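Next comes final-v3.txt, with compact mmCIF, C-alpha atoms and all ligand atoms.
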```txt
# COMPACT_ATOMS: atom_id res chain seq x y z
CA MET A 1 -9.48 -21.34 10.02
CA GLN A 2 -7.04 -20.65 12.84
CA THR A 3 -4.63 -17.78 12.16
CA ILE A 4 -1.15 -18.50 13.54
CA VAL A 5 0.89 -15.46 14.68
CA THR A 6 4.65 -15.99 14.63
CA ASP A 7 7.80 -13.89 14.64
CA SER A 8 9.73 -16.54 12.66
CA PRO A 9 10.12 -15.71 8.94
CA GLU A 10 10.97 -19.35 8.28
CA GLU A 11 7.83 -20.68 9.99
CA ALA A 12 5.66 -18.11 8.18
CA ALA A 13 7.22 -19.08 4.82
CA GLY A 14 6.41 -22.72 5.62
CA TYR A 15 2.68 -21.89 5.58
CA LEU A 16 3.07 -20.09 2.25
CA ASN A 17 5.11 -22.92 0.71
CA ALA A 18 2.31 -25.33 1.74
CA GLY A 19 -0.22 -23.31 -0.30
CA GLY A 20 -1.41 -21.00 2.49
CA ILE A 21 -1.82 -17.21 2.63
CA VAL A 22 0.45 -15.27 4.98
CA ALA A 23 0.58 -11.62 6.06
CA PHE A 24 4.07 -10.15 6.40
CA PRO A 25 5.61 -6.77 7.31
CA THR A 26 7.28 -4.49 4.76
CA GLU A 27 8.63 -0.95 5.09
CA THR A 28 5.52 0.48 3.36
CA VAL A 29 2.54 -1.47 4.77
CA TYR A 30 1.86 -5.13 5.67
CA GLY A 31 1.22 -7.41 2.67
CA LEU A 32 -0.98 -10.51 2.38
CA GLY A 33 1.02 -13.04 0.37
CA ALA A 34 0.61 -16.23 -1.64
CA GLY A 35 3.25 -18.01 -3.75
CA ILE A 36 2.74 -17.28 -7.46
CA CYS A 37 3.31 -20.99 -8.06
CA HIS A 38 0.11 -21.63 -6.02
CA PRO A 39 -2.71 -20.08 -8.11
CA GLU A 40 -5.35 -21.57 -5.76
CA ALA A 41 -3.73 -19.71 -2.85
CA VAL A 42 -3.69 -16.51 -4.92
CA LYS A 43 -7.47 -16.84 -5.32
CA LYS A 44 -7.81 -17.17 -1.52
CA ILE A 45 -6.29 -13.68 -1.15
CA PHE A 46 -9.16 -12.16 -3.14
CA ARG A 47 -11.72 -14.03 -1.01
CA ALA A 48 -10.08 -13.12 2.33
CA LYS A 49 -9.92 -9.39 1.47
CA GLY A 50 -13.21 -9.17 -0.43
CA ARG A 51 -11.11 -7.76 -3.31
CA PRO A 52 -12.64 -7.28 -6.77
CA ALA A 53 -11.29 -9.97 -9.11
CA ASP A 54 -10.17 -7.45 -11.76
CA ASN A 55 -7.68 -5.74 -9.43
CA PRO A 56 -4.19 -7.27 -9.99
CA LEU A 57 -1.65 -8.03 -7.27
CA ILE A 58 1.97 -6.89 -6.89
CA VAL A 59 4.66 -9.61 -7.04
CA HIS A 60 7.40 -9.37 -4.39
CA ILE A 61 10.93 -10.64 -5.03
CA PRO A 62 13.71 -11.10 -2.44
CA LYS A 63 16.54 -9.65 -4.59
CA PRO A 64 16.63 -7.08 -7.43
CA GLU A 65 18.29 -9.66 -9.73
CA ASP A 66 15.16 -11.84 -9.54
CA ILE A 67 13.29 -9.29 -11.70
CA ASP A 68 14.17 -11.24 -14.86
CA THR A 69 12.29 -14.32 -13.63
CA VAL A 70 8.96 -12.43 -13.39
CA ALA A 71 9.27 -9.74 -16.12
CA ARG A 72 10.40 -9.50 -19.74
CA GLU A 73 11.30 -6.70 -22.17
CA ILE A 74 12.80 -4.58 -19.38
CA GLY A 75 13.90 -1.29 -20.99
CA GLU A 76 16.71 1.10 -20.07
CA ALA A 77 14.47 3.40 -17.95
CA ALA A 78 13.22 0.46 -15.88
CA ARG A 79 16.76 -0.83 -15.45
CA LYS A 80 17.88 2.57 -14.12
CA LEU A 81 14.96 2.72 -11.67
CA ILE A 82 15.78 -0.80 -10.46
CA ARG A 83 19.44 0.13 -9.95
CA HIS A 84 18.55 3.25 -7.96
CA PHE A 85 15.47 2.29 -6.00
CA PHE A 86 15.43 -1.52 -5.53
CA PRO A 87 15.20 -2.72 -2.83
CA GLY A 88 12.76 -0.08 -1.56
CA PRO A 89 9.26 1.42 -1.65
CA LEU A 90 8.89 1.40 -5.45
CA THR A 91 6.76 -0.90 -7.66
CA LEU A 92 7.42 -1.15 -11.40
CA VAL A 93 4.77 -2.30 -13.86
CA LEU A 94 6.43 -4.40 -16.59
CA LYS A 95 5.47 -7.06 -19.15
CA LYS A 96 5.01 -10.30 -17.22
CA SER A 97 7.02 -13.47 -17.77
CA GLY A 98 5.45 -16.91 -18.31
CA MET A 99 6.11 -17.68 -14.63
CA VAL A 100 3.37 -15.26 -13.48
CA PRO A 101 -0.10 -16.86 -13.71
CA PRO A 102 -3.22 -14.88 -14.77
CA GLU A 103 -4.69 -15.22 -11.25
CA VAL A 104 -2.03 -12.73 -10.06
CA THR A 105 -2.46 -10.12 -12.81
CA ALA A 106 -6.25 -10.38 -13.24
CA GLY A 107 -5.56 -11.54 -16.80
CA LEU A 108 -3.33 -8.57 -17.76
CA ASP A 109 -0.13 -9.11 -19.71
CA THR A 110 1.67 -6.78 -17.28
CA VAL A 111 2.70 -7.22 -13.65
CA GLY A 112 3.63 -4.91 -10.77
CA ILE A 113 6.95 -5.92 -9.17
CA ARG A 114 8.46 -4.80 -5.90
CA CYS A 115 11.58 -5.73 -3.96
CA PRO A 116 11.08 -4.57 -0.34
CA SER A 117 14.02 -3.28 1.73
CA SER A 118 12.73 -4.28 5.16
CA ILE A 119 15.02 -6.91 6.69
CA ILE A 120 12.19 -9.14 7.93
CA ALA A 121 10.41 -8.99 4.54
CA LYS A 122 13.62 -9.98 2.75
CA SER A 123 14.20 -12.83 5.15
CA PHE A 124 10.61 -14.09 4.69
CA LEU A 125 10.77 -13.80 0.88
CA GLY A 126 14.10 -15.64 0.93
CA PHE A 127 12.47 -18.64 2.65
CA CYS A 128 9.58 -18.69 0.13
CA HIS A 129 10.07 -21.13 -2.76
CA CYS A 130 8.68 -18.75 -5.40
CA PRO A 131 7.94 -14.99 -5.74
CA VAL A 132 5.08 -13.75 -3.54
CA ALA A 133 1.95 -12.03 -4.87
CA ALA A 134 0.66 -9.65 -2.20
CA PRO A 135 -1.78 -6.77 -1.92
CA SER A 136 -1.98 -4.74 1.29
CA ALA A 137 -3.19 -6.90 4.22
CA ASN A 138 -6.53 -5.22 4.94
CA ILE A 139 -10.18 -5.76 4.07
CA SER A 140 -10.69 -4.15 0.63
CA GLY A 141 -11.52 -0.45 0.86
CA ARG A 142 -10.28 -0.11 4.49
CA PRO A 143 -7.04 1.65 5.44
CA SER A 144 -3.96 -0.49 4.73
CA SER A 145 -2.54 -2.32 7.77
CA THR A 146 0.66 -0.83 9.16
CA SER A 147 0.93 -3.17 12.19
CA TRP A 148 0.38 -6.89 12.79
CA LYS A 149 -2.48 -6.02 15.15
CA ALA A 150 -4.32 -4.20 12.36
CA VAL A 151 -3.89 -7.30 10.18
CA LEU A 152 -5.25 -9.51 12.98
CA TYR A 153 -8.24 -7.19 13.44
CA ASP A 154 -9.19 -7.32 9.74
CA LEU A 155 -8.22 -10.87 8.77
CA GLU A 156 -8.19 -13.17 11.83
CA GLY A 157 -9.74 -16.53 10.91
CA LYS A 158 -9.46 -15.79 7.17
CA ILE A 159 -5.70 -16.28 6.64
CA ASP A 160 -3.22 -18.98 7.65
CA CYS A 161 -0.50 -16.96 9.34
CA ILE A 162 0.71 -13.49 10.34
CA LEU A 163 4.44 -12.80 10.47
CA LYS A 164 4.72 -10.37 13.35
CA GLY A 165 7.17 -7.49 12.94
CA ASP A 166 7.45 -3.83 13.92
CA PRO A 167 4.98 -1.22 12.65
CA SER A 168 5.79 -0.21 9.06
CA ASP A 169 8.44 2.54 8.81
CA ILE A 170 6.83 4.46 5.95
CA GLY A 171 3.14 3.76 6.55
CA LEU A 172 1.89 4.43 2.99
CA GLU A 173 1.90 2.05 0.02
CA SER A 174 4.73 2.01 -2.55
CA THR A 175 5.15 4.47 -5.41
CA ILE A 176 4.05 2.78 -8.69
CA VAL A 177 5.62 3.53 -12.10
CA ASP A 178 4.32 1.94 -15.30
CA CYS A 179 7.29 1.14 -17.55
CA THR A 180 5.37 -0.70 -20.30
CA GLY A 181 4.73 2.28 -22.61
CA ALA A 182 6.91 4.64 -24.64
CA GLN A 183 7.05 7.04 -21.67
CA PRO A 184 7.27 5.75 -18.06
CA LEU A 185 4.27 6.96 -16.04
CA LEU A 186 3.76 7.55 -12.32
CA LEU A 187 0.54 5.69 -11.35
CA ARG A 188 0.60 6.06 -7.55
CA THR A 189 2.52 8.48 -5.33
CA GLY A 190 4.52 7.14 -2.39
CA ALA A 191 7.75 7.56 -0.43
CA VAL A 192 9.84 7.65 -3.62
CA THR A 193 8.86 11.09 -4.92
CA ILE A 194 8.41 12.23 -8.53
CA GLU A 195 11.45 14.52 -8.10
CA GLU A 196 13.60 11.55 -7.03
CA LEU A 197 12.30 9.45 -9.93
CA GLN A 198 12.91 12.24 -12.44
CA SER A 199 16.44 12.77 -11.14
CA VAL A 200 17.17 9.27 -12.49
CA VAL A 201 14.73 9.11 -15.46
CA PRO A 202 13.82 12.73 -16.42
CA GLU A 203 11.11 11.72 -18.92
CA ILE A 204 8.77 10.12 -16.33
CA GLY A 205 5.27 11.53 -16.68
CA THR A 206 2.25 11.63 -14.39
CA ALA A 207 -0.72 9.49 -15.41
CA VAL A 208 -4.06 11.25 -15.67
CA ILE A 209 -6.42 9.07 -13.69
CA SER A 210 -9.61 8.68 -15.71
CA SER A 211 -12.81 9.38 -13.86
CA ASN A 212 -14.75 7.97 -16.79
CA ASP A 213 -15.90 4.44 -15.93
CA ASP A 214 -16.03 3.39 -19.58
CA GLU A 215 -12.29 3.74 -19.91
CA PRO A 216 -10.12 1.30 -17.97
CA PRO A 217 -7.90 3.24 -15.56
CA LYS A 218 -4.16 2.67 -15.95
CA SER A 219 -3.90 1.22 -12.46
CA PRO A 220 -7.02 -0.89 -11.91
CA GLY A 221 -7.04 -0.38 -8.13
CA LEU A 222 -7.37 3.38 -8.45
CA LYS A 223 -11.02 3.18 -9.49
CA TYR A 224 -12.14 1.65 -6.17
CA PRO A 225 -12.78 3.60 -2.96
CA HIS A 226 -9.66 3.34 -0.89
CA TYR A 227 -8.07 3.86 2.48
CA ALA A 228 -11.34 4.85 4.11
CA PRO A 229 -12.08 4.55 7.82
CA VAL A 230 -15.70 4.22 8.98
CA ALA A 231 -15.53 7.83 10.20
CA ARG A 232 -16.15 10.64 7.72
CA ILE A 233 -13.03 12.47 6.53
CA ARG A 234 -13.00 16.27 6.26
CA LEU A 235 -9.99 17.84 4.52
CA CYS A 236 -8.76 21.09 6.07
CA ALA A 237 -6.31 23.87 5.35
CA THR A 238 -3.74 24.76 8.03
CA GLY A 239 -5.39 25.18 11.44
CA GLY A 240 -8.63 23.62 10.29
CA PRO A 241 -12.17 24.89 10.82
CA VAL A 242 -12.52 27.74 13.32
CA ALA A 243 -15.48 25.96 14.88
CA PRO A 244 -16.00 22.32 13.93
CA GLU A 245 -19.71 21.41 13.83
CA ALA A 246 -19.04 18.18 15.61
CA ASP A 247 -17.41 18.21 19.03
CA THR A 248 -16.50 15.32 21.26
CA SER A 249 -17.06 12.86 18.45
CA SER A 250 -14.49 14.45 16.15
CA ALA A 251 -10.73 14.03 15.84
CA TRP A 252 -7.90 16.09 14.34
CA ILE A 253 -4.68 15.04 12.65
CA GLY A 254 -2.22 17.43 11.07
CA LEU A 255 1.13 19.21 11.25
CA THR A 256 -0.25 22.05 13.39
CA GLN A 257 -2.72 22.39 16.26
CA PRO A 258 -6.27 23.15 15.16
CA HIS A 259 -7.74 26.59 16.02
CA ALA A 260 -10.37 25.03 18.24
CA SER A 261 -8.30 22.28 19.84
CA ALA A 262 -10.56 22.01 22.90
CA ALA A 263 -13.45 20.99 20.68
CA PHE A 264 -11.88 17.72 19.56
CA ALA A 265 -11.93 14.35 21.31
CA ILE A 266 -8.44 13.56 19.98
CA VAL A 267 -5.82 15.94 18.60
CA ARG A 268 -2.77 14.40 16.92
CA GLN A 269 -0.11 16.89 15.89
CA CYS A 270 2.67 15.30 13.82
CA GLY A 271 6.21 16.70 14.02
CA THR A 272 7.06 15.93 10.40
CA THR A 273 5.35 14.77 7.19
CA GLY A 274 7.21 11.45 7.64
CA GLU A 275 5.51 10.96 11.00
CA TYR A 276 2.16 11.98 9.48
CA ALA A 277 2.56 9.29 6.78
CA ARG A 278 3.70 6.68 9.31
CA ILE A 279 0.77 7.04 11.70
CA LEU A 280 -2.08 8.08 9.39
CA PHE A 281 -3.71 4.69 8.74
CA ASP A 282 -3.23 3.60 12.34
CA PHE A 283 -4.87 6.86 13.46
CA PHE A 284 -7.86 6.14 11.20
CA ARG A 285 -8.19 2.72 12.80
CA GLN A 286 -7.88 4.14 16.35
CA CYS A 287 -10.60 6.67 15.58
CA ASP A 288 -12.90 3.90 14.34
CA ALA A 289 -12.24 1.88 17.51
CA LEU A 290 -13.25 4.92 19.60
CA GLY A 291 -16.42 5.56 17.59
CA ILE A 292 -15.23 8.95 16.26
CA ASP A 293 -17.60 10.13 13.53
CA THR A 294 -15.60 12.87 11.80
CA ILE A 295 -11.82 13.06 11.32
CA TYR A 296 -10.54 16.50 10.34
CA CYS A 297 -7.30 16.03 8.37
CA GLU A 298 -5.00 18.95 7.70
CA LEU A 299 -3.56 18.82 4.18
CA PRO A 300 0.27 18.85 4.33
CA PRO A 301 2.30 20.86 1.78
CA ASP A 302 2.11 19.39 -1.75
CA GLU A 303 5.75 18.23 -1.84
CA GLY A 304 7.84 15.16 -0.93
CA ILE A 305 5.81 12.50 0.86
CA GLY A 306 3.21 15.22 1.55
CA ARG A 307 1.96 14.53 -1.97
CA ALA A 308 1.27 10.87 -1.18
CA ILE A 309 -0.46 11.85 2.09
CA ARG A 310 -2.69 14.29 0.18
CA ASP A 311 -3.52 11.58 -2.36
CA ARG A 312 -4.56 9.07 0.34
CA LEU A 313 -6.53 11.71 2.28
CA THR A 314 -8.38 12.80 -0.86
CA ARG A 315 -9.30 9.20 -1.70
CA ALA A 316 -10.36 8.49 1.89
CA ALA A 317 -12.55 11.60 1.84
CA ALA A 318 -14.18 10.38 -1.38
CA GLY A 319 -14.64 6.90 0.10
CA ARG A 320 -18.07 7.57 1.55
O1 LIG A 401 3.56 -0.94 -0.74
C1 LIG A 401 2.86 -1.66 -1.44
O2 LIG A 401 2.79 -1.53 -2.68
C2 LIG A 401 2.06 -2.78 -0.74
C3 LIG A 401 3.06 -3.78 -0.16
C4 LIG A 401 2.38 -4.97 0.47
O3 LIG A 401 3.95 -4.17 -1.16
N1 LIG A 401 1.15 -3.40 -1.65
C5 LIG A 401 0.03 -2.78 -2.10
O4 LIG A 401 -0.77 -3.58 -2.91
O5 LIG A 401 -0.26 -1.64 -1.82
P1 LIG A 401 -2.26 -3.19 -3.32
O6 LIG A 401 -2.78 -4.40 -4.03
O7 LIG A 401 -3.00 -2.77 -2.12
O8 LIG A 401 -2.08 -2.04 -4.35
C6 LIG A 401 -1.47 -2.34 -5.59
C7 LIG A 401 -1.94 -1.41 -6.65
C8 LIG A 401 -3.41 -1.59 -7.01
O9 LIG A 401 -3.98 -0.30 -7.17
C9 LIG A 401 -3.35 -2.35 -8.33
O10 LIG A 401 -4.46 -2.06 -9.15
C10 LIG A 401 -2.06 -1.82 -8.92
O11 LIG A 401 -1.20 -1.72 -7.83
N2 LIG A 401 -1.49 -2.79 -9.88
C11 LIG A 401 -1.09 -4.05 -9.65
N3 LIG A 401 -0.68 -4.64 -10.79
C12 LIG A 401 -0.82 -3.73 -11.78
C13 LIG A 401 -0.59 -3.73 -13.19
N4 LIG A 401 -0.14 -4.82 -13.82
N5 LIG A 401 -0.86 -2.60 -13.88
C14 LIG A 401 -1.32 -1.49 -13.24
N6 LIG A 401 -1.56 -1.43 -11.92
C15 LIG A 401 -1.33 -2.52 -11.19
MG MG A 402 -4.42 -2.04 -0.98
```
Please lay out the structure from this file as structure tokens.
Ligand code: TXA
Ligand code: MG
Amino acid sequence: MQTIVTDSPEEAAGYLNAGGIVAFPTETVYGLGAGICHPEAVKKIFRAKGRPADNPLIVHIPKPEDIDTVAREIGEAARKLIRHFFPGPLTLVLKKSGMVPPEVTAGLDTVGIRCPSSIIAKSFLGFCHCPVAAPSANISGRPSSTSWKAVLYDLEGKIDCILKGDPSDIGLESTIVDCTGAQPLLLRTGAVTIEELQSVVPEIGTAVISSNDDEPPKSPGLKYPHYAPVARIRLCATGGPVAPEADTSSAWIGLTQPHASAAFAIVRQCGTTGEYARILFDFFRQCDALGIDTIYCELPPDEGIGRAIRDRLTRAAAGR
């Protein structure tokens, strides 16, 4: 299959409306979309990514008001979150409506719904004839794509079209809150922080992610290895190891300079946690392209988006 790269949201939506699968930019990461009214196209997403069939997809809507077409039984807490955080980097898990086919939700009666704020994503979704199911546009288990070039690298020849936009502003996937139970639960950390969520809905809790394989995890995707580059990830406290065992084949990323900066092939010091989040996955990919074998990652403070960075780093370190 030839993968068309275009900067026209209308042209890209044309491929999706014809039953194709199309990667598109959002403020979090790039998504790989299919129309939910094209269940055969939804299945193609799983094949292109090598994604396990029991891992459901997020449905993307162009406007907050469209939520009622894809979800039902939306409670007061969910309504408040929608009012405050849609459009933006937040996904809500709700009971699905009859419009959402089982191919999207892996057979669950619930569905994750997001309304992106990025202008190009909104424009693309507006040209699509139905809501768009989309996971991150990467090969399963690899770092999410935060640029169109990363999408091309992973998925060229496997998808119909890439809508080319700027690199993603945030660089980490959306915050996910499950609103289907008595108490809303945070399932995945992201740019919308728990403090921000609780300032609107104080009763939001944090889900305990089960490490027991016999029990289904609340968010199916969380049981798979995630976000991992080929290189090994070593988590470090501020300043890192005094003497890294590896030398010219290791890299550093963090908020400070490492103690032994001369020992690293690449040193990337980020000015802010926002910058750290924005460049992290791209840095992983650059390191892989250069054949780096160990990436030392300094853990940022456990607050704000630092929490989401720590979550992704911990998962990447567990990835292999
Ligand atoms: O920022 C994002 O959320 C990006 C952009 C493209 O929107 N999408 C994204 O999708 O990160 P994905 O598929 O890579 O991650 C979605 C996560 C998975 O862990 C999946 O298991 C979980 O959301 N999820 C989807 N539907 C769910 C549901 N009904 N209940 C619980 N978890 C769900
Ligand atoms: Mg993903």
- Message: So that I can check the surroundings of segment 53-65 of chain A, please list as a list in words every protein, DNA and RNA residue that reaches within 7 Å of it, counting all atoms listed in the file and ignoring chain neighbours fewer than 4 positions away.
- Response: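 The filter keeps Phe46, Phe86, Pro87, Val104, Thr105, Ala106, Val111, Gly112, Ile113, Arg114, Cys115, Lys122, Leu125, Gly126, Pro131, Val132, Ala133, Ala134, Pro135, Pro220 and Gly221 of chain A.
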Tell me which protein, DNA and RNA residues are within 7 Å of segment 31-38 of chain A, counting only C-alpha atoms, leaving out same-chain ones fewer than 3 positions away, and put them as a PDB file with C-alpha atoms, in the frame of the given file.
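Written out: around37.pdb:
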```pdb
ATOM      1  CA  LEU A  16       3.070 -20.090   2.250  1.00  0.00           C
ATOM      2  CA  ASN A  17       5.110 -22.920   0.710  1.00  0.00           C
ATOM      3  CA  GLY A  19      -0.220 -23.310  -0.300  1.00  0.00           C
ATOM      4  CA  GLY A  20      -1.410 -21.000   2.490  1.00  0.00           C
ATOM      5  CA  ILE A  21      -1.820 -17.210   2.630  1.00  0.00           C
ATOM      6  CA  VAL A  22       0.450 -15.270   4.980  1.00  0.00           C
ATOM      7  CA  ALA A  23       0.580 -11.620   6.060  1.00  0.00           C
ATOM      8  CA  PHE A  24       4.070 -10.150   6.400  1.00  0.00           C
ATOM      9  CA  PRO A  25       5.610  -6.770   7.310  1.00  0.00           C
ATOM     10  CA  ALA A  41      -3.730 -19.710  -2.850  1.00  0.00           C
ATOM     11  CA  VAL A  42      -3.690 -16.510  -4.920  1.00  0.00           C
ATOM     12  CA  VAL A 100       3.370 -15.260 -13.480  1.00  0.00           C
ATOM     13  CA  PRO A 101      -0.100 -16.860 -13.710  1.00  0.00           C
ATOM     14  CA  CYS A 130       8.680 -18.750  -5.400  1.00  0.00           C
ATOM     15  CA  PRO A 131       7.940 -14.990  -5.740  1.00  0.00           C
ATOM     16  CA  VAL A 132       5.080 -13.750  -3.540  1.00  0.00           C
ATOM     17  CA  ALA A 133       1.950 -12.030  -4.870  1.00  0.00           C
ATOM     18  CA  ALA A 134       0.660  -9.650  -2.200  1.00  0.00           C
ATOM     19  CA  PRO A 135      -1.780  -6.770  -1.920  1.00  0.00           C
ATOM     20  CA  SER A 136      -1.980  -4.740   1.290  1.00  0.00           C
ATOM     21  CA  ALA A 137      -3.190  -6.900   4.220  1.00  0.00           C
TER      22      ALA A 137
END
```
List the neighbours of Ile309 of chain A out to 9 Å using all atoms listed in the file; skip same-chain residues closer than 4 positions along the sequence, and give me the result as a PDB file with C-alpha atoms, keeping the file's coordinate frame.
```pdb
ATOM      1  CA  LEU A 172       1.890   4.430   2.990  1.00  0.00           C
ATOM      2  CA  THR A 189       2.520   8.480  -5.330  1.00  0.00           C
ATOM      3  CA  GLY A 190       4.520   7.140  -2.390  1.00  0.00           C
ATOM      4  CA  THR A 273       5.350  14.770   7.190  1.00  0.00           C
ATOM      5  CA  TYR A 276       2.160  11.980   9.480  1.00  0.00           C
ATOM      6  CA  ALA A 277       2.560   9.290   6.780  1.00  0.00           C
ATOM      7  CA  LEU A 280      -2.080   8.080   9.390  1.00  0.00           C
ATOM      8  CA  LEU A 299      -3.560  18.820   4.180  1.00  0.00           C
ATOM      9  CA  PRO A 300       0.270  18.850   4.330  1.00  0.00           C
ATOM     10  CA  ASP A 302       2.110  19.390  -1.750  1.00  0.00           C
ATOM     11  CA  ILE A 305       5.810  12.500   0.860  1.00  0.00           C
ATOM     12  CA  LEU A 313      -6.530  11.710   2.280  1.00  0.00           C
ATOM     13  CA  THR A 314      -8.380  12.800  -0.860  1.00  0.00           C
TER      14      THR A 314
END
```
- What does the distance between atom CA of Gly306 of chain A and atom CA of Val201 of chain A come to in Å, to one decimal place?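 If I compute the distance from atom CA of Gly306 of chain A to atom CA of Val201 of chain A, I get 21.4 Å.
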- Message: When you count all atoms listed in the file, which of these residues is closest to ligand MG 402 (chain A): A:Gly181, A:Gly98, A:Pro143, A:Pro9?
- Response: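 Of A:Gly181, A:Gly98, A:Pro143, A:Pro9, the one nearest ligand MG 402 (chain A), counting all atoms listed in the file, is A:Pro143.
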- Please provide as a ChimeraX atom specification all residues within 7 Å of Thr248 of chain A, with the sequence filter that same-chain residues fewer than 3 positions apart are discarded (counting all atoms listed in the file). /A:263-265
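Distance annotation: of A:Tyr153, A:Phe281, A:Phe85, A:Phe127, the residue with the minimal separation from ligand MG 402 (chain A) is A:Phe281; atom set is only C-alpha atoms and all ligand atoms.
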- Item | Coordinates-based distance that separates atom CA of Val200 of chain A from atom CA of Leu81 of chain A (Å, one decimal) | 7.0 Å
- Message: Would you pick out the contacts of Ser261 of chain A at 12 Å or less, using all atoms listed in the file, so that residues sharing its chain but fewer than 3 positions from it are not included, and give the list as a list in words?
- Response: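 What passes the distance filter is Gly239, Gly240, Pro241, Val242, Ala243, Pro244, Asp247, Thr248, Ser250, Ala251, Trp252, Ile253, Gly254, Thr256, Gln257, Pro258, Phe264, Ala265, Ile266, Val267, Arg268, Gln269 and Tyr296 of chain A.
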- For ligand MG 402 (chain A), which of A:Arg234, A:Lys96, A:Arg142, A:His129 is the closest residue, counting only C-alpha atoms and all ligand atoms?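 For ligand MG 402 (chain A), the nearest of the given residues is A:Arg142.
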- Query: For ligand MG 402 (chain A), which residue among A:Tyr227, A:Tyr15, A:Phe124, A:Trp148 is the nearest when counting all atoms listed in the file?
  - Reply: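 Under the stated criterion, the closest residue is A:Tyr227.
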- Which is closer to ligand LIG 401 (chain A) than all the others in A:Gly50, A:Pro39, A:Gly75, A:Gly171, using all atoms listed in the file?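 Of the candidates, the smallest distance to ligand LIG 401 (chain A) is held by A:Gly171.
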- Which one of A:Glu103, A:Asp7, A:Glu156, A:Glu27 sits closest to ligand LIG 401 (chain A) if you count all atoms listed in the file?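 Using all atoms listed in the file, ligand LIG 401 (chain A) sits closest to A:Glu27.
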